[in-house]
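Okay, data_30.tsv is below, TSV, C-alpha atoms:
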```tsv
chain	number	residue	atom	x	y	z
A	1	MET	CA	29.88	26.27	-15.99
A	2	THR	CA	29.58	22.91	-14.24
A	3	ASP	CA	29.59	19.60	-16.06
A	4	THR	CA	28.33	17.69	-13.04
A	5	ALA	CA	24.89	19.27	-12.68
A	6	ALA	CA	22.77	17.12	-14.97
A	7	GLU	CA	19.65	19.10	-14.14
A	8	ASP	CA	21.06	22.31	-15.69
A	9	THR	CA	19.30	23.47	-18.80
A	10	TRP	CA	20.95	25.38	-21.65
A	11	VAL	CA	19.45	28.60	-20.29
A	12	GLU	CA	20.80	28.01	-16.79
A	13	GLN	CA	24.25	27.20	-18.16
A	14	GLY	CA	24.17	30.34	-20.31
A	15	GLN	CA	23.51	32.49	-17.27
A	16	GLU	CA	26.82	31.36	-15.73
A	17	ILE	CA	29.04	32.46	-18.62
A	18	SER	CA	31.28	35.42	-17.85
A	19	SER	CA	34.29	35.03	-20.16
A	20	PRO	CA	35.03	34.37	-23.84
A	21	ASP	CA	36.60	31.02	-22.93
A	22	GLN	CA	33.44	29.90	-21.15
A	23	LEU	CA	31.41	31.04	-24.15
A	24	ARG	CA	33.64	29.00	-26.47
A	25	ASP	CA	33.12	25.92	-24.30
A	26	TYR	CA	29.36	26.51	-24.22
A	27	VAL	CA	29.20	26.87	-28.00
A	28	ALA	CA	31.26	23.68	-28.37
A	29	GLU	CA	28.74	21.85	-26.17
A	30	ILE	CA	25.88	23.15	-28.30
A	31	ARG	CA	27.66	22.11	-31.50
A	32	ALA	CA	28.24	18.58	-30.19
A	33	ALA	CA	24.59	18.24	-29.12
A	34	VAL	CA	23.35	19.55	-32.47
A	35	SER	CA	25.60	17.15	-34.35
A	36	HIS	CA	24.18	14.21	-32.38
A	37	MET	CA	20.60	15.42	-32.92
A	38	GLN	CA	21.15	15.88	-36.65
A	39	THR	CA	22.68	12.43	-37.07
A	40	GLY	CA	20.03	10.73	-34.95
A	41	LEU	CA	17.09	12.50	-36.58
A	42	GLY	CA	18.45	11.83	-40.06
A	43	ARG	CA	18.90	8.13	-39.36
A	44	ALA	CA	15.49	7.85	-37.66
A	45	ALA	CA	13.77	9.63	-40.54
A	46	TRP	CA	15.49	7.41	-43.08
A	47	GLY	CA	14.48	4.28	-41.17
A	48	ALA	CA	10.88	5.41	-40.80
A	49	LEU	CA	10.58	6.34	-44.47
A	50	THR	CA	12.28	3.26	-45.89
A	51	GLY	CA	10.88	0.77	-43.39
A	52	ARG	CA	14.37	-0.48	-42.57
A	53	ALA	CA	16.27	0.32	-39.38
A	54	TRP	CA	19.61	2.06	-39.81
A	55	LEU	CA	21.51	-0.74	-38.06
A	56	ASP	CA	19.78	-3.38	-40.20
A	57	THR	CA	21.19	-1.77	-43.34
A	58	PRO	CA	24.62	-2.81	-44.65
A	59	ALA	CA	27.20	-0.14	-43.81
A	60	ASP	CA	28.05	0.49	-47.48
A	61	SER	CA	24.36	1.23	-48.22
A	62	ARG	CA	23.80	3.80	-45.47
A	63	PRO	CA	23.37	7.36	-46.76
A	64	ASN	CA	24.65	10.45	-44.96
A	65	VAL	CA	22.27	13.15	-43.70
A	66	PRO	CA	22.50	15.39	-46.82
A	67	ALA	CA	21.67	12.40	-49.02
A	68	ILE	CA	18.71	11.50	-46.79
A	69	VAL	CA	17.36	15.04	-47.13
A	70	ASP	CA	17.93	15.15	-50.90
A	71	ASP	CA	16.63	11.65	-51.67
A	72	HIS	CA	13.84	11.12	-49.14
A	73	LEU	CA	12.74	14.34	-47.49
A	74	GLU	CA	12.95	17.34	-49.80
A	75	MET	CA	9.50	17.92	-51.24
A	76	THR	CA	10.12	20.96	-53.44
A	77	VAL	CA	8.85	18.80	-56.29
A	78	THR	CA	6.40	16.28	-54.92
A	79	PRO	CA	6.60	12.86	-56.59
A	80	VAL	CA	3.45	11.65	-58.33
A	81	GLY	CA	1.13	9.86	-55.93
A	82	THR	CA	2.56	11.43	-52.77
A	83	THR	CA	-0.15	12.47	-50.35
A	84	ALA	CA	-0.16	15.98	-48.98
A	85	ALA	CA	0.26	14.58	-45.47
A	86	ASP	CA	3.34	12.57	-46.49
A	87	ALA	CA	4.83	15.56	-48.32
A	88	ALA	CA	4.24	17.81	-45.29
A	89	PHE	CA	5.77	15.21	-42.96
A	90	ARG	CA	8.85	14.83	-45.13
A	91	GLN	CA	9.22	18.60	-45.59
A	92	SER	CA	8.93	19.11	-41.83
A	93	LEU	CA	11.73	16.63	-41.19
A	94	ALA	CA	13.85	18.30	-43.88
A	95	ALA	CA	13.24	21.69	-42.26
A	96	LEU	CA	14.28	20.37	-38.84
A	97	LEU	CA	17.47	18.92	-40.30
A	98	ALA	CA	18.17	22.18	-42.14
A	99	ALA	CA	17.69	24.12	-38.90
A	100	LEU	CA	20.14	21.83	-37.11
A	101	ASP	CA	22.61	22.35	-39.96
A	102	ALA	CA	22.20	26.12	-39.62
A	103	VAL	CA	22.97	25.92	-35.89
A	104	ASP	CA	26.02	23.78	-36.63
A	105	ARG	CA	27.27	26.36	-39.13
A	106	ALA	CA	26.57	29.22	-36.71
A	107	THR	CA	28.57	27.56	-33.94
A	108	LEU	CA	31.46	27.06	-36.36
A	109	THR	CA	31.28	30.77	-37.21
A	110	VAL	CA	31.45	31.69	-33.51
A	111	TRP	CA	34.54	29.51	-33.13
A	112	LEU	CA	36.19	31.04	-36.21
A	113	ALA	CA	35.37	34.56	-34.97
A	114	GLN	CA	37.04	33.85	-31.65
A	115	ILE	CA	40.14	32.47	-33.38
A	116	ALA	CA	40.25	35.52	-35.66
A	117	ALA	CA	39.91	37.86	-32.69
A	118	GLN	CA	42.89	36.23	-30.98
A	119	ASP	CA	45.11	36.11	-34.08
A	120	PRO	CA	43.72	37.74	-37.24
A	121	ALA	CA	46.62	36.40	-39.34
A	122	ARG	CA	46.12	32.78	-38.28
A	123	THR	CA	45.02	30.46	-41.06
A	124	ALA	CA	41.75	28.63	-40.57
```
Using the file provided, produce a representation of the structure as structure tokens.
Amino acid sequence: MTDTAAEDTWVEQGQEISSPDQLRDYVAEIRAAVSHMQTGLGRAAWGALTGRAWLDTPADSRPNVPAIVDDHLEMTVTPVGTTAADAAFRQSLAALLAALDAVDRATLTVWLAQIAAQDPARTA
């Protein structure tokens, strides 16, 4: 897998994998990209919904992604006066963030499986 070919897509990179070590590196790349997407989307959603840019908010007042989902996006119980369009928008953002979290957890599971395959007695 080459790091220099910027035009490679995830599919093209996946076609070049022929060893467990290359797969581990590929999964690590995916995990890093997902982490950046999750953080960026969470901060952008929070800024759009509160009307205040992330960087314009004092550092001690900035929520993490789970808090953003819980406090601003999750529409299991829709607050009084919320329009259906706003609830759908917020729920869509929450679903995207949940999907990114699921990918992050899956990549961690792949990493743990590889460690366990190499040394089943190793502590995690």
Please list as a compact mmCIF listing (two decimals) with C-alpha atoms, in the coordinates of the input every residue within 12 Å of A:Asp86, counting all atoms listed in the file and excluding residues in the same chain fewer than 3 positions away.
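Ended up saving to out-v1.txt:
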```
# COMPACT_ATOMS: atom_id res chain seq x y z
CA ALA A 48 10.88 5.41 -40.80
CA LEU A 49 10.58 6.34 -44.47
CA HIS A 72 13.84 11.12 -49.14
CA LEU A 73 12.74 14.34 -47.49
CA GLU A 74 12.95 17.34 -49.80
CA MET A 75 9.50 17.92 -51.24
CA THR A 78 6.40 16.28 -54.92
CA PRO A 79 6.60 12.86 -56.59
CA VAL A 80 3.45 11.65 -58.33
CA GLY A 81 1.13 9.86 -55.93
CA THR A 82 2.56 11.43 -52.77
CA THR A 83 -0.15 12.47 -50.35
CA PHE A 89 5.77 15.21 -42.96
CA ARG A 90 8.85 14.83 -45.13
CA GLN A 91 9.22 18.60 -45.59
CA SER A 92 8.93 19.11 -41.83
CA LEU A 93 11.73 16.63 -41.19
```
Margin query: I'd like the neighbourhood of stretch 61-69 of chain A as a count of residues only, where a residue qualifies if any of its atoms comes within 8 Å (using only C-alpha atoms), though same-chain residues fewer than 6 positions away should be ignored.
Written below: 8
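When only C-alpha atoms are used to compute distances to A:Thr109, the closest of the residues A:Ala88, A:Ala28, A:Ala59, A:Ile17 turns out to be A:Ala28.
Using all atoms listed in the file for every distance, the candidate list A:Val103, A:Asp119, A:Ile30, A:Gly40 yields A:Gly40 as the residue closest to A:Ala53.
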